[in-house]
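Raw contents of query_8.tsv, TSV, C-alpha atoms:
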```tsv
chain	number	residue	atom	x	y	z
Q	1	MET	CA	107.12	97.27	109.49
Q	2	THR	CA	105.83	100.74	110.27
Q	3	ARG	CA	104.84	102.54	107.08
Q	4	PRO	CA	105.53	106.28	106.90
Q	5	PHE	CA	102.94	108.85	105.90
Q	6	ASN	CA	103.94	109.55	102.30
Q	7	PHE	CA	102.80	112.96	101.04
Q	8	SER	CA	104.41	112.68	97.58
Q	9	ALA	CA	102.06	113.89	94.85
Q	10	GLY	CA	103.13	111.10	92.54
Q	11	PRO	CA	104.17	108.39	92.40
Q	12	ALA	CA	101.93	108.46	95.42
Q	13	THR	CA	100.68	106.21	98.19
Q	14	LEU	CA	98.64	103.19	97.14
Q	15	PRO	CA	96.04	101.46	99.32
Q	16	LEU	CA	97.72	98.80	101.42
Q	17	GLU	CA	95.08	96.27	100.33
Q	18	VAL	CA	96.09	96.83	96.71
Q	19	LEU	CA	99.79	96.42	97.47
Q	20	GLN	CA	99.09	93.23	99.41
Q	21	GLN	CA	97.03	91.71	96.62
Q	22	ALA	CA	99.67	92.63	94.04
Q	23	ALA	CA	102.33	91.04	96.26
Q	24	ASP	CA	100.27	87.87	96.67
Q	25	GLU	CA	99.78	87.61	92.90
Q	26	MET	CA	103.27	88.75	91.92
Q	27	ILE	CA	104.67	85.33	90.96
Q	28	ASP	CA	101.49	83.47	90.10
Q	29	TRP	CA	98.47	85.43	88.87
Q	30	GLN	CA	95.28	83.46	89.61
Q	31	GLY	CA	96.92	80.09	89.12
Q	32	CYS	CA	98.34	80.69	85.63
Q	33	GLY	CA	101.89	80.13	86.90
Q	34	MET	CA	103.14	83.50	85.66
Q	35	SER	CA	103.31	87.08	86.83
Q	36	VAL	CA	101.15	89.73	85.18
Q	37	MET	CA	104.47	91.25	84.09
Q	38	GLU	CA	105.20	88.09	82.09
Q	39	ILE	CA	101.92	87.13	80.48
Q	40	SER	CA	101.28	88.08	76.86
Q	41	HIS	CA	99.20	91.19	76.37
Q	42	ARG	CA	97.47	89.30	73.56
Q	43	GLY	CA	96.61	86.29	75.72
Q	44	PRO	CA	93.30	85.51	77.43
Q	45	GLU	CA	94.67	86.25	80.91
Q	46	PHE	CA	95.52	89.86	80.18
Q	47	ALA	CA	92.37	90.23	78.05
Q	48	SER	CA	90.33	89.50	81.17
Q	49	ILE	CA	92.33	92.01	83.22
Q	50	LEU	CA	91.85	94.70	80.57
Q	51	LYS	CA	88.12	94.04	80.23
Q	52	GLN	CA	87.47	94.22	83.97
Q	53	THR	CA	89.67	97.29	84.43
Q	54	LEU	CA	87.89	99.22	81.68
Q	55	GLY	CA	84.51	98.14	83.02
Q	56	ASP	CA	85.35	99.17	86.58
Q	57	ILE	CA	86.71	102.55	85.45
Q	58	ARG	CA	83.58	103.27	83.41
Q	59	GLU	CA	81.26	102.17	86.22
Q	60	THR	CA	83.08	103.93	89.06
Q	61	LEU	CA	83.50	107.25	87.23
Q	62	SER	CA	80.07	107.02	85.50
Q	63	VAL	CA	81.70	107.52	82.11
Q	64	PRO	CA	78.99	107.80	79.41
Q	65	PRO	CA	79.07	105.33	76.49
Q	66	GLU	CA	79.90	108.09	73.99
Q	67	PHE	CA	83.31	108.47	75.64
Q	68	HIS	CA	86.18	106.18	74.73
Q	69	ILE	CA	88.53	105.21	77.56
Q	70	LEU	CA	92.07	104.99	76.22
Q	71	LEU	CA	94.88	103.43	78.25
Q	72	MET	CA	98.00	105.11	76.94
Q	73	GLN	CA	101.59	105.90	77.86
Q	74	GLY	CA	103.61	109.10	78.18
Q	75	GLY	CA	102.01	110.67	81.25
Q	76	GLY	CA	100.19	113.97	81.55
Q	77	LEU	CA	103.14	115.93	80.15
Q	78	ALA	CA	103.09	113.94	76.92
Q	79	GLU	CA	99.38	114.68	76.57
Q	80	ASN	CA	100.31	118.37	76.34
Q	81	ALA	CA	101.63	117.50	72.88
Q	82	ILE	CA	99.33	114.58	72.07
Q	83	VAL	CA	96.14	116.63	72.54
Q	84	PRO	CA	96.95	119.36	69.97
Q	85	LEU	CA	98.33	116.74	67.60
Q	86	ASN	CA	94.90	115.10	67.66
Q	87	LEU	CA	92.52	118.04	67.92
Q	88	LEU	CA	94.03	120.60	65.53
Q	89	PRO	CA	93.04	120.46	61.84
Q	90	PRO	CA	95.98	120.06	59.43
Q	91	ASP	CA	96.00	123.55	57.89
Q	92	ALA	CA	97.51	126.93	58.64
Q	93	SER	CA	94.13	128.47	59.44
Q	94	ALA	CA	93.57	126.15	62.39
Q	95	PRO	CA	91.61	127.78	65.22
Q	96	VAL	CA	93.38	128.98	68.34
Q	97	MET	CA	93.83	126.81	71.42
Q	98	ASN	CA	92.68	128.67	74.55
Q	99	PHE	CA	94.25	128.06	77.96
Q	100	ILE	CA	93.24	128.85	81.52
Q	101	VAL	CA	96.53	128.91	83.43
Q	102	THR	CA	95.98	128.32	87.13
Q	103	GLY	CA	99.41	127.03	88.13
Q	104	ALA	CA	102.59	125.25	87.13
Q	105	TRP	CA	101.04	122.33	85.26
Q	106	SER	CA	98.61	124.31	83.11
Q	107	GLN	CA	101.50	126.67	82.34
Q	108	LYS	CA	103.45	123.68	80.99
Q	109	SER	CA	100.42	122.69	78.89
Q	110	PHE	CA	100.15	126.21	77.49
Q	111	LYS	CA	103.85	126.36	76.62
Q	112	GLU	CA	104.00	122.93	75.00
Q	113	ALA	CA	100.89	123.40	72.85
Q	114	ALA	CA	102.49	126.47	71.24
Q	115	ARG	CA	104.89	124.11	69.46
Q	116	TYR	CA	102.00	122.79	67.34
Q	117	GLY	CA	99.66	125.71	66.76
Q	118	ARG	CA	98.41	129.09	67.89
Q	119	THR	CA	97.65	129.51	71.57
Q	120	HIS	CA	95.86	132.14	73.60
Q	121	LEU	CA	95.95	132.84	77.34
Q	122	ALA	CA	92.26	133.35	78.12
Q	123	ALA	CA	92.66	133.69	81.89
Q	124	GLN	CA	95.23	133.07	84.57
Q	125	VAL	CA	95.39	132.63	88.31
Q	126	GLN	CA	95.24	135.83	90.31
Q	127	PRO	CA	98.04	136.65	92.79
Q	128	LEU	CA	97.98	136.08	96.53
Q	129	PRO	CA	95.73	134.83	97.77
Q	130	LEU	CA	95.65	132.62	94.69
Q	131	SER	CA	92.26	132.57	92.97
Q	132	ILE	CA	90.73	131.44	89.68
Q	133	PRO	CA	89.00	134.19	87.68
Q	134	ALA	CA	85.25	133.69	87.31
Q	135	ILE	CA	84.31	132.15	83.97
Q	136	SER	CA	82.52	135.39	83.07
Q	137	GLN	CA	85.93	137.09	83.08
Q	138	TRP	CA	87.58	134.67	80.67
Q	139	LYS	CA	88.60	136.25	77.36
Q	140	LEU	CA	88.14	133.43	74.88
Q	141	THR	CA	88.88	133.81	71.20
Q	142	PRO	CA	86.02	133.32	68.72
Q	143	THR	CA	85.45	129.61	67.97
Q	144	PRO	CA	88.56	128.23	69.73
Q	145	ALA	CA	89.91	124.81	68.83
Q	146	TYR	CA	89.43	123.85	72.45
Q	147	VAL	CA	89.67	125.33	75.95
Q	148	HIS	CA	92.19	123.70	78.28
Q	149	ILE	CA	92.17	123.66	82.08
Q	150	CYS	CA	94.01	121.76	84.79
Q	151	SER	CA	91.27	120.78	87.21
Q	152	ASN	CA	93.68	120.58	90.15
Q	153	GLU	CA	97.16	122.06	90.46
Q	154	THR	CA	99.29	119.86	92.71
Q	155	ILE	CA	102.06	122.42	93.17
Q	156	ASP	CA	99.89	125.47	93.76
Q	157	GLY	CA	96.96	123.86	95.58
Q	158	VAL	CA	94.34	125.44	93.31
Q	159	GLU	CA	91.32	123.38	92.22
Q	160	PHE	CA	88.20	123.96	90.14
Q	161	HIS	CA	85.42	123.00	92.56
Q	162	GLU	CA	83.06	122.88	89.57
Q	163	ILE	CA	83.86	122.03	85.97
Q	164	PRO	CA	83.38	125.23	83.91
Q	165	ASP	CA	80.30	125.34	81.69
Q	166	LEU	CA	81.53	126.75	78.37
Q	167	GLN	CA	77.99	126.72	77.04
Q	168	SER	CA	77.16	129.50	79.52
Q	169	LEU	CA	79.56	131.71	77.52
Q	170	GLY	CA	78.04	130.69	74.22
Q	171	CYS	CA	81.23	128.73	73.50
Q	172	HIS	CA	80.74	125.39	71.77
Q	173	ALA	CA	84.41	124.36	71.75
Q	174	PRO	CA	85.35	121.19	73.65
Q	175	LEU	CA	86.70	121.55	77.16
Q	176	VAL	CA	89.98	119.67	77.58
Q	177	MET	CA	90.86	118.85	81.17
Q	178	ASP	CA	94.07	117.64	82.77
Q	179	CYS	CA	92.63	115.85	85.79
Q	180	SER	CA	95.74	113.91	86.76
Q	181	SER	CA	95.71	114.89	90.41
Q	182	ASN	CA	92.00	114.76	91.24
Q	183	LEU	CA	90.92	111.89	89.01
Q	184	ALA	CA	88.71	109.48	90.97
Q	185	SER	CA	88.53	111.88	93.94
Q	186	ARG	CA	85.13	113.30	92.97
Q	187	SER	CA	82.40	112.98	90.38
Q	188	ILE	CA	82.80	114.49	86.91
Q	189	ASP	CA	80.08	116.29	84.98
Q	190	TRP	CA	80.85	114.63	81.65
Q	191	ALA	CA	78.30	116.80	79.83
Q	192	ARG	CA	80.75	119.69	80.19
Q	193	VAL	CA	83.84	117.78	79.05
Q	194	GLY	CA	85.12	116.89	75.60
Q	195	LEU	CA	88.38	115.26	76.63
Q	196	ALA	CA	89.97	114.50	80.00
Q	197	TYR	CA	93.31	112.92	80.75
Q	198	GLY	CA	95.45	112.02	83.72
Q	199	GLY	CA	98.56	110.11	84.71
Q	200	ALA	CA	97.63	107.15	86.89
Q	201	GLN	CA	100.47	107.57	89.37
Q	202	LYS	CA	98.92	110.42	91.36
Q	203	ASN	CA	95.66	108.75	92.41
Q	204	VAL	CA	94.80	105.48	90.70
Q	205	GLY	CA	97.94	103.48	90.06
Q	206	ILE	CA	101.62	103.57	89.22
Q	207	ALA	CA	103.77	105.47	86.77
Q	208	GLY	CA	103.57	104.35	83.15
Q	209	LEU	CA	99.83	104.55	82.48
Q	210	THR	CA	97.85	107.55	81.25
Q	211	LEU	CA	94.05	107.47	81.20
Q	212	VAL	CA	92.39	109.43	78.40
Q	213	PHE	CA	88.62	109.94	78.15
Q	214	VAL	CA	87.68	111.28	74.73
Q	215	HIS	CA	84.23	111.99	73.31
Q	216	GLU	CA	83.58	110.10	70.10
Q	217	SER	CA	83.00	113.37	68.22
Q	218	LEU	CA	86.67	114.27	68.77
Q	219	LEU	CA	88.05	111.14	67.13
Q	220	THR	CA	88.89	113.00	63.94
Q	221	GLU	CA	92.01	112.85	61.78
Q	222	ALA	CA	95.16	113.69	63.71
Q	223	LEU	CA	97.90	115.89	62.31
Q	224	PRO	CA	100.18	113.98	59.90
Q	225	ILE	CA	103.11	114.37	62.29
Q	226	CYS	CA	101.24	112.63	65.12
Q	227	PRO	CA	102.86	109.25	65.95
Q	228	SER	CA	100.48	106.37	65.30
Q	229	VAL	CA	100.68	105.14	68.90
Q	230	PHE	CA	99.44	108.56	70.09
Q	231	ASN	CA	96.63	108.90	67.55
Q	232	PHE	CA	93.41	108.80	69.58
Q	233	LYS	CA	91.42	107.40	66.66
Q	234	THR	CA	93.92	104.58	66.15
Q	235	VAL	CA	94.16	103.78	69.85
Q	236	ALA	CA	90.38	103.72	70.18
Q	237	LYS	CA	89.97	101.52	67.11
Q	238	HIS	CA	92.38	98.97	68.59
Q	239	GLN	CA	90.90	99.23	72.11
Q	240	SER	CA	94.19	100.46	73.59
Q	241	MET	CA	96.03	97.47	72.12
Q	242	TYR	CA	97.60	99.04	69.02
Q	243	ASN	CA	101.01	98.58	70.63
Q	244	THR	CA	102.07	96.75	73.77
Q	245	PRO	CA	100.18	98.50	76.58
Q	246	PRO	CA	101.65	99.18	80.05
Q	247	SER	CA	100.16	95.90	81.20
Q	248	TYR	CA	101.32	95.83	84.82
Q	249	ALA	CA	100.31	99.46	85.35
Q	250	ILE	CA	96.86	98.62	83.94
Q	251	TYR	CA	96.61	95.67	86.33
Q	252	ILE	CA	97.45	97.86	89.35
Q	253	THR	CA	94.92	100.49	88.28
Q	254	GLY	CA	92.35	97.73	87.98
Q	255	LEU	CA	93.03	96.72	91.58
Q	256	VAL	CA	92.72	100.35	92.72
Q	257	PHE	CA	89.31	100.72	91.06
Q	258	GLN	CA	88.14	97.47	92.65
Q	259	TRP	CA	89.26	98.95	95.99
Q	260	LEU	CA	87.43	102.21	95.19
Q	261	LYS	CA	84.20	100.31	94.58
Q	262	ARG	CA	84.47	98.71	98.04
Q	263	GLN	CA	84.83	101.99	99.93
Q	264	THR	CA	82.07	103.23	102.25
Q	265	HIS	CA	81.41	106.43	104.17
Q	266	GLY	CA	78.21	106.44	106.16
Q	267	ASN	CA	75.56	105.21	103.75
Q	268	LEU	CA	77.66	106.15	100.71
Q	269	THR	CA	79.71	103.76	98.62
Q	270	GLY	CA	82.34	103.93	95.88
Q	271	LEU	CA	83.21	107.30	94.42
Q	272	ALA	CA	80.53	109.12	96.44
Q	273	ALA	CA	82.11	107.78	99.62
Q	274	ILE	CA	85.59	108.86	98.52
Q	275	GLU	CA	84.36	112.36	97.66
Q	276	ALA	CA	82.58	112.80	100.99
Q	277	ARG	CA	85.65	111.56	102.85
Q	278	ASN	CA	87.90	113.94	100.90
Q	279	ILE	CA	85.68	116.93	101.70
Q	280	GLN	CA	85.75	116.07	105.40
Q	281	LYS	CA	89.52	115.51	105.55
Q	282	ALA	CA	90.35	118.66	103.60
Q	283	GLN	CA	88.06	120.83	105.72
Q	284	SER	CA	89.60	119.51	108.94
Q	285	LEU	CA	93.09	120.30	107.70
Q	286	TYR	CA	92.25	123.77	106.39
Q	287	ASP	CA	90.43	124.62	109.63
Q	288	PHE	CA	93.53	123.68	111.58
Q	289	ILE	CA	95.87	125.68	109.36
Q	290	ASP	CA	93.62	128.75	109.41
Q	291	ALA	CA	93.48	128.69	113.21
Q	292	SER	CA	97.24	128.20	113.57
Q	293	ASP	CA	99.86	130.79	114.47
Q	294	LEU	CA	102.54	128.54	112.93
Q	295	TYR	CA	101.13	127.68	109.50
Q	296	GLU	CA	99.39	129.55	106.70
Q	297	ASN	CA	97.74	128.74	103.37
Q	298	LYS	CA	97.89	131.22	100.47
Q	299	VAL	CA	94.95	130.02	98.35
Q	300	SER	CA	91.49	131.62	98.29
Q	301	VAL	CA	88.87	129.55	100.07
Q	302	GLU	CA	86.69	129.17	96.97
Q	303	CYS	CA	89.38	127.29	95.02
Q	304	ARG	CA	91.39	125.49	97.68
Q	305	SER	CA	92.39	122.00	96.60
Q	306	ARG	CA	90.92	119.03	98.41
Q	307	MET	CA	93.70	116.85	97.09
Q	308	ASN	CA	96.88	118.65	98.11
Q	309	VAL	CA	97.13	121.32	100.74
Q	310	PRO	CA	100.22	123.51	100.36
Q	311	PHE	CA	101.10	125.28	103.58
Q	312	HIS	CA	103.91	127.56	104.66
Q	313	LEU	CA	105.50	128.22	108.00
Q	314	ARG	CA	104.87	131.84	108.93
Q	315	HIS	CA	108.55	132.04	109.86
Q	316	SER	CA	110.62	130.48	107.06
Q	317	SER	CA	113.65	130.24	109.37
Q	318	LEU	CA	111.90	127.22	110.92
Q	319	ASN	CA	111.64	125.30	107.63
Q	320	GLN	CA	114.66	123.04	107.98
Q	321	ASN	CA	113.93	122.15	111.61
Q	322	PHE	CA	110.31	121.44	110.72
Q	323	LEU	CA	111.26	119.12	107.84
Q	324	ALA	CA	113.82	117.27	109.94
Q	325	GLU	CA	111.35	116.72	112.77
Q	326	ALA	CA	108.60	115.72	110.34
Q	327	ASN	CA	110.90	113.14	108.76
Q	328	ARG	CA	111.72	111.68	112.19
Q	329	ALA	CA	107.98	111.44	112.85
Q	330	GLY	CA	107.43	109.46	109.64
Q	331	LEU	CA	105.95	112.36	107.66
Q	332	ARG	CA	107.70	112.19	104.28
Q	333	GLN	CA	107.77	114.43	101.20
Q	334	LEU	CA	106.48	117.57	102.92
Q	335	GLN	CA	109.10	119.87	101.39
Q	336	GLY	CA	106.97	120.61	98.32
Q	337	HIS	CA	107.77	120.30	94.64
Q	338	GLN	CA	111.39	120.92	93.70
Q	339	SER	CA	110.40	123.73	91.35
Q	340	VAL	CA	108.92	125.88	94.13
Q	341	GLY	CA	109.81	124.40	97.50
```
Can you present the structure in this file as structure tokens?
Amino acid sequence: MTRPFNFSAGPATLPLEVLQQAADEMIDWQGCGMSVMEISHRGPEFASILKQTLGDIRETLSVPPEFHILLMQGGGLAENAIVPLNLLPPDASAPVMNFIVTGAWSQKSFKEAARYGRTHLAAQVQPLPLSIPAISQWKLTPTPAYVHICSNETIDGVEFHEIPDLQSLGCHAPLVMDCSSNLASRSIDWARVGLAYGGAQKNVGIAGLTLVFVHESLLTEALPICPSVFNFKTVAKHQSMYNTPPSYAIYITGLVFQWLKRQTHGNLTGLAAIEARNIQKAQSLYDFIDASDLYENKVSVECRSRMNVPFHLRHSSLNQNFLAEANRAGLRQLQGHQSVG
């Protein structure tokens, strides 16, 4: 079977090695006679899967010990509600949540958070060519509850090439980061992050699992209306086993991180190899687009995404023919997100 080139942002392409291993273990996982989808999440078999997966995630991403890794459900969109439910104090004088809106997903985060407390738009993406305002231009409120960014916007193709240093502004609020679409594509400076989250289906697994990395200092009392299964403190206390976890999705993510650890690029291994490879691939593609008379990219060079490269035909009348020919060539999902095309 010839596999197409699948450009969907998520659920997205998985490494063939991972799919093959999952297929081989589908009916009988390591001789236990059952599928991972059937074994009890309280049994020793799944306990070993969970332990190795958490260990491989922490090792591969160099997650410091003061961060809890929570394996949750609901996806990145649910975290737009779960985060304020956990980080806002339960009184009317709660500090303001600050948002840096750089595209469609951070706009959703900004809108959803307003259901639970006061929000403030501290900065937003500048018009064509799209660019992120320098951190010195951000207009933060005094002592914000937290500052939220989306580290990579899949729809708009805008990425923070460096995690903002709030300390440089004299701001001691935690930085909250939706890193769904560039998680495990590059290293993370955890010293600048208070909380990071991402749906697994874009880079490291399948739909149904959300990874949350939360500093221990942020495991405070959640708002009374926060459901118990979404309470970070409760989930951390029970090591992501307060309720039935998305066990098969955790298993697949575990296989992906084992695959990540095996990757090489020159003398680099693991995440460093992936990051170097991503830089090289993205630069090759952008160089081609920039030199083309057919295609164009509308994002400033300094914040172009390595993960997803939105491009436009200079003559939109060619769109339908292009998509039809691309599909025949095995290039799928190039039409862009349904909200923007």
Task: Contacts of Q:Asp178 at 10 Å (all atoms listed in the file; same-chain gap of 6+ positions) as number ranges by chain - done: Q: 76-77, 79-80, 105-106, 109, 148-153, 195-199, 212
Same residues, C-alpha atoms, saved as an mmCIF file, in the coordinates of the input:
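So the final result, stored in result-v9.cif, reads:
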```
data_model
loop_
_atom_site.group_PDB
_atom_site.id
_atom_site.type_symbol
_atom_site.label_atom_id
_atom_site.label_comp_id
_atom_site.auth_asym_id
_atom_site.auth_seq_id
_atom_site.Cartn_x
_atom_site.Cartn_y
_atom_site.Cartn_z
ATOM 1 C CA GLY Q 76 100.190 113.970 81.550
ATOM 2 C CA LEU Q 77 103.140 115.930 80.150
ATOM 3 C CA GLU Q 79 99.380 114.680 76.570
ATOM 4 C CA ASN Q 80 100.310 118.370 76.340
ATOM 5 C CA TRP Q 105 101.040 122.330 85.260
ATOM 6 C CA SER Q 106 98.610 124.310 83.110
ATOM 7 C CA SER Q 109 100.420 122.690 78.890
ATOM 8 C CA HIS Q 148 92.190 123.700 78.280
ATOM 9 C CA ILE Q 149 92.170 123.660 82.080
ATOM 10 C CA CYS Q 150 94.010 121.760 84.790
ATOM 11 C CA SER Q 151 91.270 120.780 87.210
ATOM 12 C CA ASN Q 152 93.680 120.580 90.150
ATOM 13 C CA GLU Q 153 97.160 122.060 90.460
ATOM 14 C CA LEU Q 195 88.380 115.260 76.630
ATOM 15 C CA ALA Q 196 89.970 114.500 80.000
ATOM 16 C CA TYR Q 197 93.310 112.920 80.750
ATOM 17 C CA GLY Q 198 95.450 112.020 83.720
ATOM 18 C CA GLY Q 199 98.560 110.110 84.710
ATOM 19 C CA VAL Q 212 92.390 109.430 78.400
#
```
Task: Close residues, Q:Val256 itself excluded, 12 Å, all atoms listed in the file, min 4 positions apart in chain, as a ChimeraX atom specification - done: /Q:13-22,52-53,56-57,60,184,200-206,249-252,260-263,270-271
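Omitting Q:Leu331 and its sequence neighbours fewer than 2 positions away, and counting all atoms listed in the file, the residues within 12 Å are Q:Thr2, Q:Arg3, Q:Pro4, Q:Phe5, Q:Asn6, Q:Phe7, Q:Ser8, Q:Phe322, Q:Leu323, Q:Ala324, Q:Glu325, Q:Ala326, Q:Asn327, Q:Arg328, Q:Ala329, Q:Gln333, Q:Leu334, Q:Gln335.
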Can you pull out the residues contacting Q:Gln283? Cut-off 12 Å, using all atoms listed in the file, and skip same-chain residues under 6 positions away; I want them as a ChimeraX atom specification. /Q:276-277,289-290,301,304-309
Taken to one decimal, the atom CA of Q:Ser62-atom CA of Q:Gln167 distance is 21.5 Å
Atom CA of Q:Leu50 sits from atom CA of Q:Pro174 at a separation of 28.1 Å
Could you state the separation of atom CA of Q:Ser292 and atom CA of Q:Asn319 in Å, given to one decimal place?
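Taking atom CA of Q:Ser292 and atom CA of Q:Asn319, their separation equals 15.8 Å.
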Write out as a list of chain:residue names which residues come within 9 Å of Q:Val214 when counting all atoms listed in the file, dropping same-chain ones fewer than 2 positions away.
-> Q:Glu66, Q:Phe67, Q:His68, Q:Ile69, Q:Leu70, Q:Val193, Q:Gly194, Q:Leu195, Q:Ala196, Q:Tyr197, Q:Val212, Q:Glu216, Q:Ser217, Q:Leu218, Q:Leu219, Q:Phe232
Q:Leu87 proximity check over Q:Leu175, Q:Leu313, Q:Val125, Q:Leu318, using only C-alpha atoms: winner is Q:Leu175
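You can rank Q:Tyr248, Q:Phe110, Q:Trp190, Q:Phe213 by their closest distance to Q:Val36 using only C-alpha atoms, and at the top of that list sits Q:Tyr248.
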Within 8 Å of (102.1, 128.6, 92.1) in the file's own coordinates, which protein, DNA or RNA residues have an atom, counting all atoms listed in the file? List them as a PyMOL selection string. chain Q and resi 102-104+155-157+340
Across Q:Ala47, Q:Ala23, Q:Leu223, Q:Leu211, the smallest distance to Q:Pro84, with all atoms listed in the file counted, is shown by Q:Leu223
Could you add all heavy atoms to stretch 258-265 of chain Q and give me the result as a JSON list (two decimals), in the frame of the given file?
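out-v1.json, written as the output of this step:
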```
[["chain", "number", "residue", "atom", "x", "y", "z"],
["Q", 258, "GLN", "N", 88.89, 98.44, 91.87],
["Q", 258, "GLN", "CA", 88.14, 97.47, 92.65],
["Q", 258, "GLN", "C", 88.08, 97.91, 94.12],
["Q", 258, "GLN", "O", 87.04, 97.78, 94.77],
["Q", 258, "GLN", "CB", 88.79, 96.09, 92.53],
["Q", 258, "GLN", "CG", 88.66, 95.47, 91.14],
["Q", 258, "GLN", "CD", 89.47, 94.19, 91.02],
["Q", 258, "GLN", "OE1", 89.67, 93.46, 91.99],
["Q", 258, "GLN", "NE2", 89.96, 93.92, 89.81],
["Q", 259, "TRP", "N", 89.21, 98.43, 94.61],
["Q", 259, "TRP", "CA", 89.26, 98.95, 95.99],
["Q", 259, "TRP", "C", 88.31, 100.15, 96.14],
["Q", 259, "TRP", "O", 87.58, 100.25, 97.14],
["Q", 259, "TRP", "CB", 90.70, 99.35, 96.31],
["Q", 259, "TRP", "CG", 90.89, 100.01, 97.64],
["Q", 259, "TRP", "CD1", 91.09, 99.41, 98.85],
["Q", 259, "TRP", "CD2", 90.88, 101.43, 97.89],
["Q", 259, "TRP", "NE1", 91.21, 100.36, 99.84],
["Q", 259, "TRP", "CE2", 91.10, 101.60, 99.29],
["Q", 259, "TRP", "CE3", 90.74, 102.55, 97.09],
["Q", 259, "TRP", "CZ2", 91.16, 102.87, 99.88],
["Q", 259, "TRP", "CZ3", 90.80, 103.81, 97.68],
["Q", 259, "TRP", "CH2", 91.00, 103.96, 99.06],
["Q", 260, "LEU", "N", 88.31, 101.04, 95.15],
["Q", 260, "LEU", "CA", 87.43, 102.21, 95.19],
["Q", 260, "LEU", "C", 85.96, 101.78, 95.31],
["Q", 260, "LEU", "O", 85.19, 102.37, 96.07],
["Q", 260, "LEU", "CB", 87.61, 103.05, 93.93],
["Q", 260, "LEU", "CG", 88.77, 104.03, 93.89],
["Q", 260, "LEU", "CD1", 88.99, 104.54, 92.48],
["Q", 260, "LEU", "CD2", 88.51, 105.20, 94.83],
["Q", 261, "LYS", "N", 85.58, 100.77, 94.57],
["Q", 261, "LYS", "CA", 84.20, 100.31, 94.58],
["Q", 261, "LYS", "C", 83.79, 99.76, 95.95],
["Q", 261, "LYS", "O", 82.60, 99.78, 96.30],
["Q", 261, "LYS", "CB", 83.99, 99.25, 93.50],
["Q", 261, "LYS", "CG", 84.06, 99.78, 92.08],
["Q", 261, "LYS", "CD", 84.07, 98.67, 91.05],
["Q", 261, "LYS", "CE", 82.80, 97.88, 91.04],
["Q", 261, "LYS", "NZ", 82.80, 96.86, 89.94],
["Q", 262, "ARG", "N", 84.77, 99.30, 96.72],
["Q", 262, "ARG", "CA", 84.47, 98.71, 98.04],
["Q", 262, "ARG", "C", 84.38, 99.76, 99.15],
["Q", 262, "ARG", "O", 83.98, 99.43, 100.27],
["Q", 262, "ARG", "CB", 85.55, 97.69, 98.42],
["Q", 262, "ARG", "CG", 85.63, 96.47, 97.52],
["Q", 262, "ARG", "CD", 86.46, 95.37, 98.16],
["Q", 262, "ARG", "NE", 87.85, 95.75, 98.39],
["Q", 262, "ARG", "CZ", 88.84, 95.54, 97.52],
["Q", 262, "ARG", "NH1", 88.58, 94.98, 96.35],
["Q", 262, "ARG", "NH2", 90.08, 95.89, 97.82],
["Q", 263, "GLN", "N", 84.76, 100.99, 98.88],
["Q", 263, "GLN", "CA", 84.83, 101.99, 99.93],
["Q", 263, "GLN", "C", 83.43, 102.43, 100.38],
["Q", 263, "GLN", "O", 82.50, 102.50, 99.58],
["Q", 263, "GLN", "CB", 85.63, 103.21, 99.46],
["Q", 263, "GLN", "CG", 87.07, 102.87, 99.14],
["Q", 263, "GLN", "CD", 87.74, 102.08, 100.24],
["Q", 263, "GLN", "OE1", 87.93, 102.58, 101.36],
["Q", 263, "GLN", "NE2", 88.10, 100.85, 99.94],
["Q", 264, "THR", "N", 83.32, 102.75, 101.68],
["Q", 264, "THR", "CA", 82.07, 103.23, 102.25],
["Q", 264, "THR", "C", 82.35, 104.44, 103.14],
["Q", 264, "THR", "O", 83.44, 104.61, 103.68],
["Q", 264, "THR", "CB", 81.38, 102.14, 103.09],
["Q", 264, "THR", "OG1", 82.24, 101.76, 104.18],
["Q", 264, "THR", "CG2", 81.06, 100.92, 102.24],
["Q", 265, "HIS", "N", 81.35, 105.28, 103.26],
["Q", 265, "HIS", "CA", 81.41, 106.43, 104.17],
["Q", 265, "HIS", "C", 79.97, 106.74, 104.57],
["Q", 265, "HIS", "O", 79.20, 107.27, 103.76],
["Q", 265, "HIS", "CB", 82.06, 107.64, 103.48],
["Q", 265, "HIS", "CG", 82.25, 108.82, 104.38],
["Q", 265, "HIS", "ND1", 83.34, 108.93, 105.22],
["Q", 265, "HIS", "CD2", 81.50, 109.93, 104.58],
["Q", 265, "HIS", "CE1", 83.25, 110.07, 105.90],
["Q", 265, "HIS", "NE2", 82.15, 110.69, 105.53]]
```
